[in-house]
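**Q** Input structure: query26.txt, which contains compact mmCIF, C-alpha atoms.
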```txt
# COMPACT_ATOMS: atom_id res chain seq x y z
CA MET R 569 104.77 56.95 -58.31
CA VAL R 570 102.57 54.58 -60.34
CA SER R 571 105.41 52.07 -60.46
CA LEU R 572 105.87 52.33 -56.70
CA SER R 573 102.15 51.78 -56.08
CA ARG R 574 102.15 48.78 -58.38
CA ASN R 575 105.14 47.30 -56.57
CA LEU R 576 103.48 47.84 -53.19
CA ILE R 577 100.33 46.11 -54.42
CA LEU R 578 102.36 43.18 -55.76
CA ALA R 579 104.30 42.95 -52.52
CA PHE R 580 101.05 42.89 -50.53
CA LEU R 581 99.58 40.20 -52.77
CA CYS R 582 102.74 38.16 -52.44
CA PHE R 583 102.55 38.53 -48.67
CA LEU R 584 99.04 37.08 -48.78
CA LEU R 585 100.04 34.33 -51.22
CA GLY R 586 103.60 33.95 -50.09
CA PHE R 587 104.11 30.31 -50.97
CA VAL R 588 103.15 31.07 -54.57
CA CYS R 589 105.21 34.20 -55.03
CA PHE R 590 108.31 33.31 -53.09
CA SER R 591 108.71 29.56 -52.70
CA ASN R 592 108.09 28.71 -56.34
CA ALA R 593 110.17 31.64 -57.54
CA GLN R 594 113.19 30.12 -55.81
CA LEU R 595 113.05 26.97 -57.90
CA SER R 596 115.33 26.94 -60.92
CA ALA R 597 116.29 24.30 -63.48
CA ASN R 598 119.93 25.36 -62.93
CA PHE R 599 119.81 25.32 -59.13
CA TYR R 600 122.65 22.76 -58.89
CA GLY R 601 124.55 24.08 -61.91
CA THR R 602 127.70 24.73 -59.89
CA SER R 603 127.12 22.76 -56.68
CA CYS R 604 126.42 19.38 -58.31
CA ARG R 605 127.27 19.46 -62.00
CA ASN R 606 126.83 15.72 -62.57
CA LEU R 607 123.39 15.46 -60.93
CA GLN R 608 121.38 15.03 -64.13
CA THR R 609 123.83 12.43 -65.47
CA ILE R 610 123.71 10.42 -62.24
CA VAL R 611 119.91 10.38 -62.22
CA ARG R 612 119.71 9.52 -65.89
CA ASN R 613 122.17 6.63 -65.68
CA SER R 614 120.54 5.19 -62.56
CA MET R 615 117.08 5.37 -64.11
CA ILE R 616 118.32 3.71 -67.30
CA GLN R 617 119.56 0.80 -65.22
CA ALA R 618 116.32 0.61 -63.23
CA VAL R 619 113.99 0.75 -66.24
CA ASN R 620 116.12 -1.71 -68.18
CA ARG R 621 115.78 -4.06 -65.23
CA GLU R 622 112.01 -3.52 -64.94
CA ALA R 623 110.13 -1.18 -67.27
CA ARG R 624 107.32 -0.76 -64.75
CA LEU R 625 109.67 1.18 -62.45
CA GLY R 626 109.36 4.20 -64.73
CA ALA R 627 105.66 4.32 -63.93
CA SER R 628 106.23 3.52 -60.26
CA ILE R 629 108.60 6.45 -59.77
CA LEU R 630 106.22 8.79 -61.59
CA ARG R 631 103.43 7.67 -59.24
CA LEU R 632 105.67 8.25 -56.20
CA PHE R 633 106.22 11.83 -57.30
CA PHE R 634 102.48 12.40 -57.78
CA HIS R 635 101.66 10.94 -54.36
CA ASP R 636 104.42 13.03 -52.79
CA CYS R 637 103.30 16.32 -54.30
CA PHE R 638 99.64 15.85 -53.38
CA VAL R 639 100.44 15.57 -49.65
CA ASN R 640 101.73 18.89 -48.29
CA GLY R 641 103.69 19.59 -51.47
CA CYS R 642 106.68 18.05 -53.25
CA ASP R 643 108.85 17.54 -50.18
CA ALA R 644 109.87 13.83 -50.24
CA SER R 645 107.66 13.11 -47.23
CA ILE R 646 106.48 9.93 -48.97
CA LEU R 647 110.01 8.51 -48.75
CA LEU R 648 110.18 8.56 -44.94
CA ASP R 649 109.99 5.18 -43.20
CA ASP R 650 107.77 4.56 -40.20
CA THR R 651 109.60 4.15 -36.89
CA SER R 652 108.51 3.51 -33.32
CA THR R 653 108.19 7.26 -32.84
CA PHE R 654 107.30 8.45 -36.35
CA THR R 655 104.39 7.66 -38.66
CA GLY R 656 105.05 8.35 -42.32
CA GLU R 657 102.92 8.07 -45.45
CA LYS R 658 104.07 4.71 -46.81
CA ASN R 659 101.25 2.85 -45.04
CA ALA R 660 98.50 5.27 -45.97
CA ASN R 661 95.74 3.59 -47.97
CA PRO R 662 96.84 4.94 -51.40
CA ASN R 663 100.43 3.78 -50.80
CA ARG R 664 100.30 0.59 -48.75
CA ASN R 665 101.23 -2.48 -50.81
CA SER R 666 101.30 -0.40 -54.00
CA ALA R 667 103.76 2.51 -53.82
CA ARG R 668 107.11 1.20 -54.99
CA GLY R 669 110.49 2.23 -56.37
CA TYR R 670 111.89 3.49 -53.07
CA GLU R 671 115.08 1.48 -53.56
CA VAL R 672 115.69 3.25 -56.88
CA ILE R 673 115.63 6.62 -55.12
CA ASP R 674 117.94 5.19 -52.42
CA THR R 675 120.44 4.15 -55.09
CA ILE R 676 120.37 7.54 -56.80
CA LYS R 677 120.69 9.36 -53.48
CA ALA R 678 123.74 7.29 -52.47
CA GLN R 679 125.46 8.12 -55.75
CA VAL R 680 124.56 11.79 -55.51
CA GLU R 681 125.81 11.96 -51.92
CA SER R 682 129.09 10.43 -53.02
CA ALA R 683 129.50 13.09 -55.70
CA CYS R 684 127.94 16.08 -53.91
CA PRO R 685 127.56 15.50 -50.15
CA ASN R 686 124.73 17.31 -48.37
CA VAL R 687 123.72 19.32 -51.42
CA VAL R 688 120.82 17.72 -53.31
CA SER R 689 117.45 17.05 -51.70
CA CYS R 690 115.54 13.80 -51.97
CA ALA R 691 112.59 15.86 -53.19
CA ASP R 692 114.58 17.07 -56.20
CA ILE R 693 115.97 13.59 -56.89
CA LEU R 694 112.42 12.23 -56.99
CA ALA R 695 111.32 15.03 -59.34
CA LEU R 696 114.22 14.34 -61.71
CA ALA R 697 113.73 10.57 -61.57
CA ALA R 698 110.04 10.93 -62.43
CA ARG R 699 110.93 12.99 -65.50
CA GLN R 700 113.64 10.54 -66.56
CA GLY R 701 111.41 7.50 -66.13
CA THR R 702 108.80 9.12 -68.34
CA VAL R 703 111.37 9.90 -71.03
CA LEU R 704 112.80 6.38 -71.00
CA LEU R 705 109.36 4.93 -71.70
CA GLY R 706 108.89 7.23 -74.67
CA GLY R 707 107.28 10.22 -72.99
CA PRO R 708 108.06 13.93 -73.24
CA SER R 709 110.84 15.72 -71.43
CA TRP R 710 110.66 19.00 -69.55
CA ALA R 711 112.97 21.28 -67.61
CA VAL R 712 112.56 20.33 -63.95
CA PRO R 713 112.64 23.34 -61.60
CA LEU R 714 114.96 22.48 -58.70
CA GLY R 715 115.76 23.82 -55.26
CA ARG R 716 113.22 21.96 -53.14
CA ARG R 717 114.19 20.89 -49.65
CA ASP R 718 113.07 17.83 -47.73
CA ALA R 719 110.31 17.73 -45.14
CA ARG R 720 110.99 16.81 -41.53
CA THR R 721 107.39 15.69 -41.17
CA ALA R 722 104.86 13.50 -42.95
CA SER R 723 101.09 13.08 -42.77
CA GLN R 724 99.44 9.72 -43.12
CA SER R 725 96.04 11.33 -42.58
CA ALA R 726 96.61 13.81 -45.41
CA ALA R 727 97.77 10.98 -47.68
CA ASN R 728 94.53 9.14 -46.89
CA THR R 729 92.36 12.12 -47.77
CA GLN R 730 94.19 14.22 -50.38
CA ILE R 731 95.27 11.62 -52.97
CA PRO R 732 92.39 10.83 -55.37
CA ALA R 733 91.04 7.30 -55.05
CA PRO R 734 90.48 4.98 -58.07
CA SER R 735 86.76 5.13 -57.28
CA SER R 736 86.63 8.93 -57.58
CA SER R 737 83.94 10.67 -59.60
CA LEU R 738 84.78 13.38 -62.12
CA SER R 739 83.55 16.10 -59.76
CA THR R 740 85.76 14.72 -56.99
CA LEU R 741 88.79 14.59 -59.27
CA LEU R 742 88.24 18.17 -60.41
CA SER R 743 87.84 19.35 -56.83
CA MET R 744 90.90 17.51 -55.49
CA PHE R 745 93.15 18.73 -58.30
CA SER R 746 91.79 22.25 -57.97
CA ALA R 747 92.71 22.20 -54.29
CA LYS R 748 96.33 21.76 -55.42
CA GLY R 749 96.19 24.61 -57.93
CA LEU R 750 95.68 22.30 -60.93
CA ASN R 751 92.86 22.97 -63.38
CA ALA R 752 90.68 20.55 -65.34
CA ARG R 753 93.08 20.41 -68.28
CA ASP R 754 96.00 19.69 -65.95
CA MET R 755 93.99 16.90 -64.32
CA THR R 756 93.07 15.25 -67.61
CA ALA R 757 96.62 15.52 -68.93
CA LEU R 758 98.19 14.17 -65.73
CA SER R 759 95.74 11.27 -65.73
CA GLY R 760 97.43 10.27 -68.96
CA SER R 761 100.28 8.95 -66.82
CA HIS R 762 98.07 5.86 -66.70
CA THR R 763 99.31 5.10 -70.18
CA ILE R 764 102.06 3.22 -68.32
CA GLY R 765 102.10 1.02 -65.26
CA GLN R 766 99.94 -1.56 -63.52
CA ALA R 767 97.06 -1.54 -61.06
CA ARG R 768 96.06 -4.03 -58.38
CA CYS R 769 92.84 -6.01 -58.70
CA THR R 770 91.43 -4.44 -55.56
CA THR R 771 91.50 -1.00 -57.25
CA PHE R 772 89.44 -2.02 -60.30
CA ARG R 773 87.33 -4.99 -59.13
CA ASN R 774 84.20 -2.93 -58.61
CA ARG R 775 84.57 -1.39 -62.08
CA ILE R 776 84.85 -4.66 -64.00
CA TYR R 777 82.02 -6.34 -62.10
CA ASN R 778 79.57 -3.49 -61.46
CA ASP R 779 80.15 -0.51 -63.78
CA THR R 780 77.95 -0.36 -66.88
CA ASN R 781 80.02 2.10 -68.92
CA ILE R 782 82.59 -0.58 -69.77
CA ASP R 783 83.32 -2.60 -72.90
CA THR R 784 82.00 -6.12 -72.18
CA GLN R 785 84.92 -7.94 -73.79
CA PHE R 786 87.39 -5.78 -71.88
CA ALA R 787 85.57 -6.47 -68.62
CA ALA R 788 85.63 -10.23 -69.31
CA THR R 789 89.36 -10.11 -70.03
CA ARG R 790 90.09 -8.32 -66.78
CA ARG R 791 87.81 -10.60 -64.74
CA ALA R 792 89.93 -13.56 -65.79
CA GLY R 793 92.77 -12.21 -63.69
CA CYS R 794 90.74 -10.47 -61.00
CA PRO R 795 88.18 -12.72 -59.28
CA ALA R 796 85.14 -11.33 -57.51
CA SER R 797 86.83 -12.22 -54.23
CA GLY R 798 90.48 -12.87 -53.50
CA GLY R 799 93.46 -12.03 -55.69
CA ASP R 800 93.61 -8.45 -54.47
CA ALA R 801 97.25 -8.07 -55.47
CA ASN R 802 96.81 -9.47 -59.00
CA LEU R 803 98.03 -6.91 -61.53
CA ALA R 804 96.62 -5.62 -64.79
CA PRO R 805 98.02 -2.95 -67.13
CA LEU R 806 96.39 0.47 -66.89
CA ASP R 807 96.78 0.68 -70.69
CA ILE R 808 95.86 -2.67 -72.22
CA GLN R 809 97.54 -1.79 -75.52
CA THR R 810 101.02 -0.52 -74.64
CA PRO R 811 101.59 -0.70 -70.85
CA ASN R 812 105.30 0.07 -71.10
CA ARG R 813 105.16 2.84 -73.70
CA PHE R 814 104.20 6.41 -72.92
CA ASP R 815 101.71 7.35 -75.64
CA ASN R 816 98.10 8.44 -76.05
CA ASP R 817 96.57 4.94 -76.14
CA TYR R 818 95.17 5.60 -72.66
CA TYR R 819 92.78 8.16 -74.13
CA GLN R 820 91.93 5.92 -77.07
CA ASN R 821 90.98 3.26 -74.53
CA LEU R 822 88.70 5.69 -72.70
CA VAL R 823 86.84 6.56 -75.91
CA VAL R 824 85.95 2.87 -76.38
CA ARG R 825 85.13 2.39 -72.66
CA ARG R 826 88.26 0.46 -71.78
CA GLY R 827 89.47 2.57 -68.88
CA LEU R 828 90.70 0.21 -66.16
CA LEU R 829 89.86 2.35 -63.14
CA HIS R 830 86.48 3.91 -62.46
CA SER R 831 88.25 7.25 -62.09
CA ASP R 832 89.84 6.79 -65.53
CA GLN R 833 86.54 6.26 -67.33
CA GLU R 834 85.02 9.21 -65.50
CA LEU R 835 87.11 11.42 -67.81
CA PHE R 836 85.05 10.17 -70.76
CA ASN R 837 81.53 9.53 -69.58
CA GLY R 838 79.36 12.33 -70.93
CA GLY R 839 81.04 14.99 -68.82
CA SER R 840 83.13 18.13 -69.16
CA GLN R 841 86.37 16.37 -70.16
CA ASP R 842 84.99 14.29 -73.04
CA ALA R 843 86.13 16.72 -75.73
CA LEU R 844 89.64 16.99 -74.33
CA VAL R 845 89.96 13.20 -74.00
CA ARG R 846 88.89 12.79 -77.61
CA SER R 847 91.35 15.51 -78.65
CA TYR R 848 94.23 13.77 -76.85
CA SER R 849 93.20 10.44 -78.36
CA ASN R 850 93.69 11.93 -81.82
CA ASN R 851 96.61 14.27 -81.13
CA VAL R 852 99.51 12.78 -79.22
CA ALA R 853 101.59 15.96 -79.61
CA SER R 854 98.95 17.99 -77.80
CA PHE R 855 98.86 15.47 -74.96
CA ARG R 856 102.65 15.38 -74.62
CA SER R 857 102.88 19.16 -74.50
CA ASP R 858 100.09 19.52 -71.94
CA PHE R 859 101.45 16.66 -69.82
CA ALA R 860 104.92 18.21 -69.62
CA ALA R 861 103.47 21.61 -68.66
CA ALA R 862 101.22 20.04 -66.02
CA MET R 863 104.15 18.11 -64.53
CA VAL R 864 106.06 21.36 -64.03
CA LYS R 865 102.98 22.90 -62.47
CA MET R 866 102.46 19.92 -60.15
CA GLY R 867 106.14 19.98 -59.20
CA ASN R 868 105.66 23.55 -57.98
CA ILE R 869 103.10 22.61 -55.32
CA SER R 870 104.23 24.13 -52.01
CA PRO R 871 107.95 23.37 -52.14
CA LEU R 872 110.12 23.89 -49.10
CA THR R 873 112.88 26.33 -50.00
CA GLY R 874 115.47 28.57 -48.40
CA THR R 875 116.01 27.48 -44.79
CA ASN R 876 112.78 25.51 -44.54
CA GLY R 877 113.10 21.74 -44.24
CA GLU R 878 116.48 20.08 -44.69
CA ILE R 879 118.71 18.18 -47.10
CA ARG R 880 118.40 14.58 -45.94
CA THR R 881 121.45 12.35 -46.16
CA ASN R 882 119.17 9.28 -46.15
CA CYS R 883 115.86 9.71 -47.95
CA ARG R 884 114.15 7.29 -45.58
CA ALA R 885 114.92 9.19 -42.38
CA ILE R 886 115.01 12.72 -41.01
CA ASN R 887 118.56 13.87 -40.28
```
Hey, can you dump this file as structure tokens for me?

**A**
Amino acid sequence: MVSLSRNLILAFLCFLLGFVCFSNAQLSANFYGTSCRNLQTIVRNSMIQAVNREARLGASILRLFFHDCFVNGCDASILLDDTSTFTGEKNANPNRNSARGYEVIDTIKAQVESACPNVVSCADILALAARQGTVLLGGPSWAVPLGRRDARTASQSAANTQIPAPSSSLSTLLSMFSAKGLNARDMTALSGSHTIGQARCTTFRNRIYNDTNIDTQFAATRRAGCPASGGDANLAPLDIQTPNRFDNDYYQNLVVRRGLLHSDQELFNGGSQDALVRSYSNNVASFRSDFAAAMVKMGNISPLTGTNGEIRTNCRAIN
């Protein structure tokens, strides 16, 4: 009787929080174990080629996955092209002129479709590619839960409001991550993805010219490539030490006030995350472990499963 009551309570809670109890439960690292046995190999080989061609693509694909998951869940909505009758997310403010790597996902999808037609979602391909890009640049690996399906919709407005901006304060970052079910530790660990990749001048200009919590020599170095006006697209590495190696130098930079983005330095500016940033700066194993766990958690944000959504044949367009 007690067991029955407990089950009824759990069932009721799952009814109230259905997307947590049911959708995420349907994801499995072995989802394509029989239906597409070569999936992991295809993704790995394609990502090796892409990263060998341009190391930055590892970071670009990781960013695509983050921007996908933060807008209505990890559903590949970010991959949809605009058309005369459809507005996607590619031209939302956080993505326009900066989100990149779409052609890498196209290549992987074409190879997967050739091997396993109409089986693997673009959402899962993006999740696997993000993991593989991280690994190829020296980062940790993790088992990627699979079984997501692709959205038939996108939301430019949600992309404009739900993806944290580079000007965000710590309180804003904490709030926006919390809204996605990610806690403060997850947020600080996931921010460590900025140990790789580049940022456009327009995203850090205000920091290097107006912020006071910045190393003066670092600011001068960045100003040389980012004028007070013009040069919006000029690039600078998010991690000045090792921009193509996934390590904990990002946190070491924050401790000495060399965070490139305002939102980066907010993690170490006399606030609640200072101790964790300092811990990660001294303990790369702790960072790697927490990052991998947070990536799995982020990948579980509101997936479409079962009969929801679809399996796109072309990641850029709804079937």

**Q** With a cut-off of 9 Å, could you pull out the residues of stretch 684-770 of chain R touching stretch 836-844 of chain R and give me the nearest pair of atoms for each, distance in Å to one decimal, using only C-alpha atoms, ordered by chain and ascending number, as a Markdown table?

**A**
```
| residue | atom | partner | partner_atom | distance |
| --- | --- | --- | --- | --- |
| R:Leu738 | CA | R:Gly839 | CA | 7.8 |
| R:Ala752 | CA | R:Gln841 | CA | 7.7 |
| R:Arg753 | CA | R:Leu844 | CA | 7.8 |
| R:Thr756 | CA | R:Gln841 | CA | 7.3 |
| R:Ala757 | CA | R:Leu844 | CA | 8.9 |
```

**Q** Excluding stretch 600-611 of chain R and any residue of its chain fewer than 3 positions from it, enumerate the residues within 10 Å of it, using all atoms listed in the file, and give them as a ChimeraX atom specification.

**A** /R:596-597,614-616,672-673,675-677,679-681,683-685,687-688,693-694,696-701,714-715

**Q** Those residues with C-alpha atoms, as a PDB file, in the frame of the given file please?

**A**
```
ATOM      1  CA  SER R 596     115.330  26.940 -60.920  1.00  0.00           C
ATOM      2  CA  ALA R 597     116.290  24.300 -63.480  1.00  0.00           C
ATOM      3  CA  SER R 614     120.540   5.190 -62.560  1.00  0.00           C
ATOM      4  CA  MET R 615     117.080   5.370 -64.110  1.00  0.00           C
ATOM      5  CA  ILE R 616     118.320   3.710 -67.300  1.00  0.00           C
ATOM      6  CA  VAL R 672     115.690   3.250 -56.880  1.00  0.00           C
ATOM      7  CA  ILE R 673     115.630   6.620 -55.120  1.00  0.00           C
ATOM      8  CA  THR R 675     120.440   4.150 -55.090  1.00  0.00           C
ATOM      9  CA  ILE R 676     120.370   7.540 -56.800  1.00  0.00           C
ATOM     10  CA  LYS R 677     120.690   9.360 -53.480  1.00  0.00           C
ATOM     11  CA  GLN R 679     125.460   8.120 -55.750  1.00  0.00           C
ATOM     12  CA  VAL R 680     124.560  11.790 -55.510  1.00  0.00           C
ATOM     13  CA  GLU R 681     125.810  11.960 -51.920  1.00  0.00           C
ATOM     14  CA  ALA R 683     129.500  13.090 -55.700  1.00  0.00           C
ATOM     15  CA  CYS R 684     127.940  16.080 -53.910  1.00  0.00           C
ATOM     16  CA  PRO R 685     127.560  15.500 -50.150  1.00  0.00           C
ATOM     17  CA  VAL R 687     123.720  19.320 -51.420  1.00  0.00           C
ATOM     18  CA  VAL R 688     120.820  17.720 -53.310  1.00  0.00           C
ATOM     19  CA  ILE R 693     115.970  13.590 -56.890  1.00  0.00           C
ATOM     20  CA  LEU R 694     112.420  12.230 -56.990  1.00  0.00           C
ATOM     21  CA  LEU R 696     114.220  14.340 -61.710  1.00  0.00           C
ATOM     22  CA  ALA R 697     113.730  10.570 -61.570  1.00  0.00           C
ATOM     23  CA  ALA R 698     110.040  10.930 -62.430  1.00  0.00           C
ATOM     24  CA  ARG R 699     110.930  12.990 -65.500  1.00  0.00           C
ATOM     25  CA  GLN R 700     113.640  10.540 -66.560  1.00  0.00           C
ATOM     26  CA  GLY R 701     111.410   7.500 -66.130  1.00  0.00           C
ATOM     27  CA  LEU R 714     114.960  22.480 -58.700  1.00  0.00           C
ATOM     28  CA  GLY R 715     115.760  23.820 -55.260  1.00  0.00           C
TER      29      GLY R 715
END
```

**Q** What's the 12 Å shell around R:Asn665, counting all atoms listed in the file, without same-chain residues fewer than 2 positions away, as a PyMOL selection string?

**A** chain R and resi 657-663+667-669+767-768+770-771+800-802

**Q** To one decimal place, how far is atom CA of R:Asn640 from atom CA of R:Thr875 in Å?

**A**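 Separation of atom CA of R:Asn640 and atom CA of R:Thr875: 17.0 Å.
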
**Q** For R:Met863, which residue among R:Asp643, R:His762, R:Ala733, R:Leu750 is the nearest when counting all atoms listed in the file?

**A** R:Leu750

**Q** What's the 10 Å shell around stretch 817-825 of chain R, counting all atoms listed in the file, without same-chain residues fewer than 5 positions away, as a ChimeraX atom specification?

**A** /R:756-757,759-764,780-784,786-787,806-811,832-837,842,844-850,852,855

**Q** For the selection you just gave me, I'd like the residues written to a file as an mmCIF file, in the frame of the given file, keeping C-alpha atoms.

**A**
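Everything below was put into again-v4.cif:
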```cif
data_model
loop_
_atom_site.group_PDB
_atom_site.id
_atom_site.type_symbol
_atom_site.label_atom_id
_atom_site.label_comp_id
_atom_site.auth_asym_id
_atom_site.auth_seq_id
_atom_site.Cartn_x
_atom_site.Cartn_y
_atom_site.Cartn_z
ATOM 1 C CA THR R 756 93.070 15.250 -67.610
ATOM 2 C CA ALA R 757 96.620 15.520 -68.930
ATOM 3 C CA SER R 759 95.740 11.270 -65.730
ATOM 4 C CA GLY R 760 97.430 10.270 -68.960
ATOM 5 C CA SER R 761 100.280 8.950 -66.820
ATOM 6 C CA HIS R 762 98.070 5.860 -66.700
ATOM 7 C CA THR R 763 99.310 5.100 -70.180
ATOM 8 C CA ILE R 764 102.060 3.220 -68.320
ATOM 9 C CA THR R 780 77.950 -0.360 -66.880
ATOM 10 C CA ASN R 781 80.020 2.100 -68.920
ATOM 11 C CA ILE R 782 82.590 -0.580 -69.770
ATOM 12 C CA ASP R 783 83.320 -2.600 -72.900
ATOM 13 C CA THR R 784 82.000 -6.120 -72.180
ATOM 14 C CA PHE R 786 87.390 -5.780 -71.880
ATOM 15 C CA ALA R 787 85.570 -6.470 -68.620
ATOM 16 C CA LEU R 806 96.390 0.470 -66.890
ATOM 17 C CA ASP R 807 96.780 0.680 -70.690
ATOM 18 C CA ILE R 808 95.860 -2.670 -72.220
ATOM 19 C CA GLN R 809 97.540 -1.790 -75.520
ATOM 20 C CA THR R 810 101.020 -0.520 -74.640
ATOM 21 C CA PRO R 811 101.590 -0.700 -70.850
ATOM 22 C CA ASP R 832 89.840 6.790 -65.530
ATOM 23 C CA GLN R 833 86.540 6.260 -67.330
ATOM 24 C CA GLU R 834 85.020 9.210 -65.500
ATOM 25 C CA LEU R 835 87.110 11.420 -67.810
ATOM 26 C CA PHE R 836 85.050 10.170 -70.760
ATOM 27 C CA ASN R 837 81.530 9.530 -69.580
ATOM 28 C CA ASP R 842 84.990 14.290 -73.040
ATOM 29 C CA LEU R 844 89.640 16.990 -74.330
ATOM 30 C CA VAL R 845 89.960 13.200 -74.000
ATOM 31 C CA ARG R 846 88.890 12.790 -77.610
ATOM 32 C CA SER R 847 91.350 15.510 -78.650
ATOM 33 C CA TYR R 848 94.230 13.770 -76.850
ATOM 34 C CA SER R 849 93.200 10.440 -78.360
ATOM 35 C CA ASN R 850 93.690 11.930 -81.820
ATOM 36 C CA VAL R 852 99.510 12.780 -79.220
ATOM 37 C CA PHE R 855 98.860 15.470 -74.960
#
```

**Q** Write out as AutoDock Vina command-line options an axis-aligned box for stretch 740-754 of chain R: all of its atoms listed in the file, 5 Å added on each side, centre and edge lengths in Å with one decimal.

**A**
```
--center_x 91.0 --center_y 19.6 --center_z -61.3 --size_x 20.6 --size_y 20.0 --size_z 24.0
```

**Q** Work out how far atom CA of R:Cys642 is from atom CA of R:Thr721, in Å to one decimal.

**A**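 Value for the atom CA of R:Thr721-atom CA of R:Cys642 distance: 12.3 Å.
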
**Q** Using all atoms listed in the file, which residue out of R:Asn620, R:Ser689, R:Thr789, R:Asn613 lies closest to R:Ile879?

**A**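 Ranked by minimum distance to R:Ile879, first place goes to R:Ser689.
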
**Q** What is the atom CA of R:Leu648 to atom CA of R:Gly874 distance in Å?

**A**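 About the pair atom CA of R:Leu648 and atom CA of R:Gly874: they are 21.0 Å apart.
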
**Q** Given the choices R:Gly793, R:Arg773, R:Val864, R:Tyr670, which gets closest to R:Ser628 if the distance is worked out from only C-alpha atoms?

**A** R:Tyr670

**Q** Restrict the output to stretch 804-816 of chain R and C-alpha atoms, then write it as a compact mmCIF listing (two decimals), in the first residue's frame.

**A**
```txt
# COMPACT_ATOMS: atom_id res chain seq x y z
CA ALA R 804 40.41 38.36 -30.30
CA PRO R 805 40.90 35.08 -28.41
CA LEU R 806 38.65 34.56 -25.40
CA ASP R 807 41.66 32.95 -23.70
CA ILE R 808 44.76 35.01 -24.45
CA GLN R 809 47.08 32.18 -23.38
CA THR R 810 45.87 29.06 -25.20
CA PRO R 811 42.90 29.91 -27.48
CA ASN R 812 42.92 26.52 -29.21
CA ARG R 813 43.47 24.31 -26.17
CA PHE R 814 40.72 23.36 -23.75
CA ASP R 815 42.25 23.92 -20.31
CA ASN R 816 41.71 26.01 -17.18
```
